[in-house]
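Asker: The structure follows.
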Amino acid sequence: MSAVIQTPDDREAALAGIGASRLRKEDARFIQGKGNYVDDIKMPGMLHMDIVRSPIAHGRIKRINKEAALAIPGVRAVLTAEDLKPLKLHWMPTLAGDVAAVLADEKVHFQMQEVAVVIADDRYIAADGVEAVEVEYEELPVVIDPYTALAADAPVLREDLAGKTAGAHGPRDHHNHIFTWEAGDRAAADAAFAAAPIKVEQHMHYPRVHPCPLETCGCVASFDPIRGDLTTYITSQAPHVVRTVVSMLSGIPESKVRIVSPDIGGGFGNKVGIYPGYVCAIVSSIVLGRPVKWVEDRIENISSTAFARDYHMDGELAATEDGKILGLRVNVLADHGAFDACADPTKFPAGLFHICSGSYDIGAAHCSVKGVYTNKAPGGVAYRCSFRVTEAVYLIERMVDVLAQRLNIDKAEIRRRNFIRKEQFPYTSPFGFEYDSGDYHTALQKALDAVDYPALRAEQAAKRADPNSPTLMGIGLVSFTEIVGAGPSKMCDILGVGMFDSCEIRIHPTGSAIARMGTITQGQGHQTTYAQIIATELGIPSEVIQVEEGDTSTAPYGLGTYGSRSTPVAGAAIAMAARKIHAKARKIAAHMLEVSEADLDWEIDRFKVRGDDSRFKTMADVAWQSYHQPPAGLEPGLEAVHYYDPPNFTYPFGMYLCVVDIDRATGETKVRRFYALDDCGTRINPMIIEGQIHGGLTEGFAVAMGQQMPFDAQGNLMGNTLMDYFLPTAVETPKWETDYTVTPSPHHPLGAKGVAESPHVGSIPTFTSAVVDAFAHVGVTHLDMPHTSFRVWQALRDHGLAL
Amino acid sequence: MAKKLISVTVNGKSEERAVEPRTLLVHFLREDLHLTGAHIGCETSHCGACTVDIDGKSVKSCTHLAVQCDGSQVLTVEGLADKGVLHAVQEGFYKEHGLQCGFCTPGMLVRAYRFLQENRNPSEDEIRVGMSGNLCRCTGYQNIVKAVQYAANKLNAATAA
């Protein structure tokens, strides 16, 4: 007991709990070069694997000659699909109910597809071996455009599916068709359109992009032939799911499979999937009885691991003359590449795209998404978003702008007229989602006031009136609602496992604690923020709370970190586990103070006897007692586990505003100002929230202004290095202004909603809204991303605005 | 492949090693010297995760051969702290939340260390240009700029004192 009497405020501050901008616990190792990423891991006797990849996008493998590679000193093995066949591992199931080739089985379906692996003493020899493997191909016609993929005479891409008239998500009506998925009420939407005086429609393409974390994917697989157990260090956002899949594929009992996600150099959805490289490294380790490391290079990462987006969307709105939206219809053609390997909850082949009614009270809505095969890499992950929410938000926000332009109503005003009102929450959307809470009108007004919106519009009008203005000015506005925190197990599962998450907390005798989680941080700062939740719940300083994640042998089962689910799901699990401990602690404190539990009040870090501040026991006192001499009838120890199955998703929202100045001579688009107001409910660590928002906005800027994966007619990806694929530097990146409102989630134990993906989801349509707005006075309603200088200049030229 | 003997001073310690002529510096540091702070992000010298300091210049060690460093002084992130005391750039990144996943951080720190010797009183724009050889996917750079400003102020205060 400290001799100095602390005020409650001092005690509160000492906890560094919820609401504190606590500096990060993770940083000490990273700033001293002591992080432990997959490629930092070395094991005795470790070999290196490298991959032979297809140079063509579609073809038959006529012959593979390994001899020259095997003759290189230090090359230990070369494996092809023929070698995996006896193990039935040449194909693997995907998360989307399809199968994907582990190593190309007679045919290659996309450029850079995995054809063979070389295992050697070091990575240089493995690379030499890859060069020496001879593969002879017979080229086949290539299908790149998803519309032509559905032509009657289009080449058959997936010969392995011949005769299969149904896939995992219903009937297939064409050899390159994967599924058609619908949501909402088509008849009601059609009726709304039939009766509406105003109808607008817009086609838009959300380009294929890649999450491109700075660390590529890789693993170190180590099978111990004596013990029969397998340990794999892996760049995974979902290590427990990997363990389950590896066990199912290999036949090794899950109890003998240990998957460890060590430090991860960014994920952004790219590290959710299970890639052929992982499977081959594991098989190689089992075959050779030695640890095998595989780390892909950047070209391999961009070319072959999971892409995002690639949605060709047609949106339609029906409305009244004064801009009240009556109906929404959406048709999407989704390019899924060669194998359907989208990472979505099982029941949702288009993810949560049906959040596309957005922040608006729309009476009737319907959407239809058709997935097709093309000769491109598989994937379809959520790039810093929750399962296609980015595409959905882009669609509805673009459509609302299109309607505003048609009716000549300001884009802020039309949103005001259509927002779901505060008193309508919980609000059931026309697609059946129950939005938990929101206050859109207040947030929009705060945003408009913050930037002095009328002044910006006046400035824009003046610029438009001046034919000699060297720049066009555009104002973008977006009012997005996300759906995150997947999810309730009655709706969401991955391979049959419900999308709950978990936490185990142990309080040690001397009052420090360890918490283990089913999630895994990739930069989000879980070790810092999770401890803050426990600090507030249990009155233990966050400084003495250790948070561990990523090791399936120690952590309770969880579905991992993606889709902004860590705080909404795992954060809730922490609070609930802590509350179990709190309930037991109360019993112990009552016993120690010789009063009944009902006579105790909890205050910050202690149980107090009501009406007597001098009689109290801190959580540390209780912890000691629980190990020393617990009351009769109570087990010793102070720990709890909680598996949290969320009752609903959470629905963070935000109001983003962007001002761009476009150089009429060059098309160069400068972001003069970007204001982001986010409402993620309860804010656990404002410093980390702000950092996440900066990062998400920057990734959104990259997508909107420069990222794309262009293919030529032969299926060559023309831009798979950082020379071509746009990752903004500090110079291009705008300065961000952040703001917030707080509308807690009523169903989350802490009121928290999740935040890290909002800025990505929300900012992308804001940039497009701003760029299009610069052209609105000449009747332009939409311009597809990316808004590169060349493409913007083309628009200037086409509309007679170029100088 | 025939090896070549090189001697190089890394973080103040002299090392004499036989390396293959094709060995990249980043692999020499990471595999032979077990200094895994420098990371490989792109292999094309765009991302800067592999940045180290060679004879007073920032160098992308993923496109630099180990044999090119024969006789050189190399500094990596592991050599920034002095007897357990963090360098001002390390402190700045911590205090200003200049990192998230940490993968770019070693390269950022080593570049910031050199940049602040090239320009002791940089403006924000100068920091953005001076650090533009290093990519970060997490932070949006805003706090990295603040971290470098923090370090500049601290270094200048120490010089003035």
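Residue numbers start at 1 in each chain; chains themselves are named A, B, ... in the order of the structure tokens; ligands are numbered from 1 in the order shown.
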Pull out every residue of chain A sitting within 6 Å of chain B, counting only C-alpha atoms, and send them as a ChimeraX atom specification.
Answerer: /A:30-33,40,214-215,265-266,298,522-523,691,694-695,698,729-731
Asker: Within stretch 272-457 of chain A, find each residue whose DSSP state, derived from the backbone, is alpha helix (DSSP H), and express the selection as a PyMOL selection string.
Answerer: chain A and resi 276-288+298-304+389-407+411-418+440-451+453-457
Asker: Quick one: write out the picked residues with C-alpha atoms as a short mmCIF file (atom, residue, chain, number, x, y, z; two decimals), in the first residue's frame?
Answerer:
```cif
data_model
loop_
_atom_site.label_atom_id
_atom_site.label_comp_id
_atom_site.auth_asym_id
_atom_site.auth_seq_id
_atom_site.Cartn_x
_atom_site.Cartn_y
_atom_site.Cartn_z
CA PRO A 276 0.03 -22.98 -52.29
CA GLY A 277 3.43 -21.85 -51.02
CA TYR A 278 2.43 -22.62 -47.45
CA VAL A 279 1.08 -26.04 -48.37
CA CYS A 280 4.17 -26.90 -50.42
CA ALA A 281 6.53 -25.82 -47.64
CA ILE A 282 4.64 -27.99 -45.18
CA VAL A 283 4.64 -30.97 -47.56
CA SER A 284 8.34 -30.44 -48.26
CA SER A 285 9.12 -30.47 -44.57
CA ILE A 286 7.12 -33.66 -44.08
CA VAL A 287 8.82 -35.30 -47.09
CA LEU A 288 12.35 -34.20 -46.19
CA ARG A 298 7.32 -8.83 -54.22
CA ILE A 299 6.54 -9.88 -57.79
CA GLU A 300 5.17 -13.19 -56.52
CA ASN A 301 3.18 -11.39 -53.85
CA ILE A 302 1.43 -9.00 -56.23
CA SER A 303 1.02 -11.54 -59.01
CA SER A 304 -0.25 -14.59 -57.20
CA VAL A 389 -18.03 -3.33 -47.80
CA THR A 390 -15.64 -1.12 -49.75
CA GLU A 391 -17.34 -1.98 -53.03
CA ALA A 392 -20.79 -1.50 -51.48
CA VAL A 393 -19.97 1.91 -50.03
CA TYR A 394 -18.38 3.01 -53.28
CA LEU A 395 -21.52 1.99 -55.20
CA ILE A 396 -24.07 3.75 -53.01
CA GLU A 397 -22.00 6.88 -52.44
CA ARG A 398 -21.41 7.26 -56.16
CA MET A 399 -25.10 6.69 -56.87
CA VAL A 400 -26.23 9.31 -54.35
CA ASP A 401 -23.88 11.81 -56.01
CA VAL A 402 -25.25 10.87 -59.43
CA LEU A 403 -28.81 11.45 -58.21
CA ALA A 404 -27.84 14.78 -56.62
CA GLN A 405 -26.36 15.95 -59.91
CA ARG A 406 -29.41 14.85 -61.87
CA LEU A 407 -31.72 16.81 -59.57
CA LYS A 411 -24.65 16.53 -52.30
CA ALA A 412 -24.78 17.39 -48.59
CA GLU A 413 -28.45 18.28 -48.79
CA ILE A 414 -29.48 15.12 -50.62
CA ARG A 415 -27.77 13.06 -47.96
CA ARG A 416 -29.59 14.96 -45.21
CA ARG A 417 -32.90 14.21 -46.89
CA ASN A 418 -32.19 10.49 -47.07
CA TYR A 440 -25.66 10.84 -39.19
CA HIS A 441 -27.22 14.31 -39.22
CA THR A 442 -25.11 15.54 -36.29
CA ALA A 443 -21.93 14.12 -37.81
CA LEU A 444 -22.60 15.63 -41.23
CA GLN A 445 -23.26 19.07 -39.78
CA LYS A 446 -20.05 18.88 -37.75
CA ALA A 447 -18.12 18.00 -40.89
CA LEU A 448 -19.66 20.78 -42.98
CA ASP A 449 -18.99 23.33 -40.23
CA ALA A 450 -15.41 22.16 -39.79
CA VAL A 451 -14.51 22.86 -43.40
CA TYR A 453 -18.61 24.03 -46.73
CA PRO A 454 -20.51 27.07 -48.08
CA ALA A 455 -17.24 28.97 -48.47
CA LEU A 456 -15.75 26.07 -50.42
CA ARG A 457 -18.75 25.98 -52.75
#
```
Asker: When you draw a straight line from atom CA of A:Val372 to atom CA of A:Ala152, how long is it in Å?
Answerer: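 So the two atoms, atom CA of A:Val372 and atom CA of A:Ala152, lie 13.4 Å apart.
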Asker: Compare A:Tyr373, A:Gly19, A:His366, A:Gly754 by their minimum atom-to-atom distance to A:His175, counting only C-alpha atoms, and give me the closest one.
Answerer: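 The shortest atom-to-atom distance to A:His175 comes from A:Tyr373.
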Asker: Out of A:Asp122, A:Glu182, A:Glu159, A:Glu757, which residue has the shortest atom-to-atom distance to A:Phe353 when counting only C-alpha atoms?
Answerer: A:Glu182
Asker: Considering only C-alpha atoms, can you say which of A:Ser255, A:Thr682, A:Thr232, A:Ser437 comes closest to A:Glu482?
Answerer: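 Result for the nearest residue to A:Glu482: A:Ser437.
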Asker: Name the residues of stretch 27-112 of chain B that fall into strand (DSSP E or B) according to DSSP on the backbone, using the chain letters and numbers of this document, as a ChimeraX atom specification.
Answerer: /B:51-54,57-60,65,73-75,82,85
Asker: Find the residues near A:Pro488: any atom within 10 Å, counting only C-alpha atoms, skip ones fewer than 2 places away on the same chain, and give them as a JSON list (two decimals) with N, CA and C atoms, in the first residue's frame.
Answerer:
```json
[["chain", "number", "residue", "atom", "x", "y", "z"],
["A", 485, "GLY", "N", -17.11, -6.45, -37.59],
["A", 485, "GLY", "CA", -17.24, -7.30, -36.42],
["A", 485, "GLY", "C", -17.95, -8.61, -36.74],
["A", 486, "ALA", "N", -17.57, -9.22, -37.88],
["A", 486, "ALA", "CA", -18.16, -10.52, -38.21],
["A", 486, "ALA", "C", -17.60, -11.56, -37.24],
["A", 490, "LYS", "N", -24.71, -17.42, -36.10],
["A", 490, "LYS", "CA", -25.90, -17.87, -36.83],
["A", 490, "LYS", "C", -25.85, -17.40, -38.28],
["A", 491, "MET", "N", -25.06, -16.37, -38.57],
["A", 491, "MET", "CA", -24.93, -15.89, -39.94],
["A", 491, "MET", "C", -23.55, -16.17, -40.53],
["A", 492, "CYS", "N", -22.52, -16.13, -39.68],
["A", 492, "CYS", "CA", -21.15, -16.12, -40.19],
["A", 492, "CYS", "C", -20.35, -17.32, -39.72],
["A", 493, "ASP", "N", -19.75, -18.02, -40.67],
["A", 493, "ASP", "CA", -18.79, -19.05, -40.32],
["A", 493, "ASP", "C", -17.73, -19.11, -41.40],
["A", 498, "GLY", "N", -17.89, -21.10, -36.44],
["A", 498, "GLY", "CA", -18.56, -19.83, -36.18],
["A", 498, "GLY", "C", -17.55, -18.72, -35.94],
["A", 499, "MET", "N", -17.95, -17.52, -36.31],
["A", 499, "MET", "CA", -16.98, -16.41, -36.25],
["A", 499, "MET", "C", -17.03, -15.67, -34.91],
["A", 500, "PHE", "N", -16.95, -16.45, -33.85],
["A", 500, "PHE", "CA", -16.79, -15.90, -32.51],
["A", 500, "PHE", "C", -15.34, -15.46, -32.32],
["A", 569, "VAL", "N", -15.34, -8.02, -31.68],
["A", 569, "VAL", "CA", -15.56, -9.40, -31.25],
["A", 569, "VAL", "C", -14.59, -9.77, -30.12],
["A", 644, "TYR", "N", -16.79, -15.23, -27.21],
["A", 644, "TYR", "CA", -17.85, -14.25, -27.44],
["A", 644, "TYR", "C", -18.44, -14.41, -28.83],
["A", 645, "ASP", "N", -19.70, -14.75, -28.85],
["A", 645, "ASP", "CA", -20.43, -14.86, -30.12],
["A", 645, "ASP", "C", -21.30, -13.60, -30.22],
["A", 646, "PRO", "N", -20.92, -12.65, -31.07],
["A", 646, "PRO", "CA", -21.61, -11.36, -31.04],
["A", 646, "PRO", "C", -23.08, -11.50, -31.46],
["A", 647, "PRO", "N", -23.95, -10.76, -30.81],
["A", 647, "PRO", "CA", -25.37, -10.83, -31.16],
["A", 647, "PRO", "C", -25.67, -10.15, -32.49],
["A", 648, "ASN", "N", -24.78, -9.28, -32.93],
["A", 648, "ASN", "CA", -25.02, -8.52, -34.16],
["A", 648, "ASN", "C", -23.66, -8.02, -34.64],
["A", 649, "PHE", "N", -23.62, -7.51, -35.86],
["A", 649, "PHE", "CA", -22.46, -6.78, -36.33],
["A", 649, "PHE", "C", -22.45, -5.40, -35.66]]
```
Asker: What's the 7 Å shell around stretch 55-70 of chain B, counting only C-alpha atoms, without same-chain residues fewer than 2 positions away, as a list in words?
Answerer: Ile6, Ser7, Val8, Pro21, Arg22, Thr23, Leu24, Leu25, Val26, Phe28, Ile40, Glu43, Thr44, Ser45, Gly48, Cys50, Thr51, Val52, Asp53, Ser72, Gln73, Val74, Arg111 and Arg114 of chain B
Asker: So which one's closest to A:Glu12, A:Lys164, A:Arg565, A:Arg227, A:Arg606? Using only C-alpha atoms, please.
Answerer: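 Among the listed residues, the smallest separation from A:Glu12 belongs to A:Arg606.
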Asker: Write out as a PyMOL selection string each polymer residue whose atoms come within 12 Å of A:Trp602, counting only C-alpha atoms; drop sequence neighbours fewer than 6 positions from it.
Answerer: chain A and resi 536-539+582-583+585-586+589-590+608-610+613+616-619
Asker: Give the answer as one residue: which of A:Lys66, A:Arg683, A:Arg11, A:Arg258 has the shortest atom-to-atom distance to A:Val115, using only C-alpha atoms?
Answerer: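 Using only C-alpha atoms, A:Val115 sits closest to A:Lys66.
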Asker: Find the spatial neighbours of B:Leu116, counting only C-alpha atoms, within a cut-off of 10 Å - ignore same-chain residues fewer than 6 positions away - and output them as a ChimeraX atom specification.
Answerer: /B:89,122,127,130,148-149,151-152,155-156
Asker: Which residue gives the smallest distance to B:Asn11 among B:Asp32, B:Gln117, B:Ile54, B:Ala88, with only C-alpha atoms counted?
Answerer: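 Ranked by minimum distance to B:Asn11, first place goes to B:Ile54.
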Asker: Interatomic distance between atom CA of B:Glu15 and atom CA of B:Ala2?
Answerer: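 Interatomic distance here is 19.1 Å.
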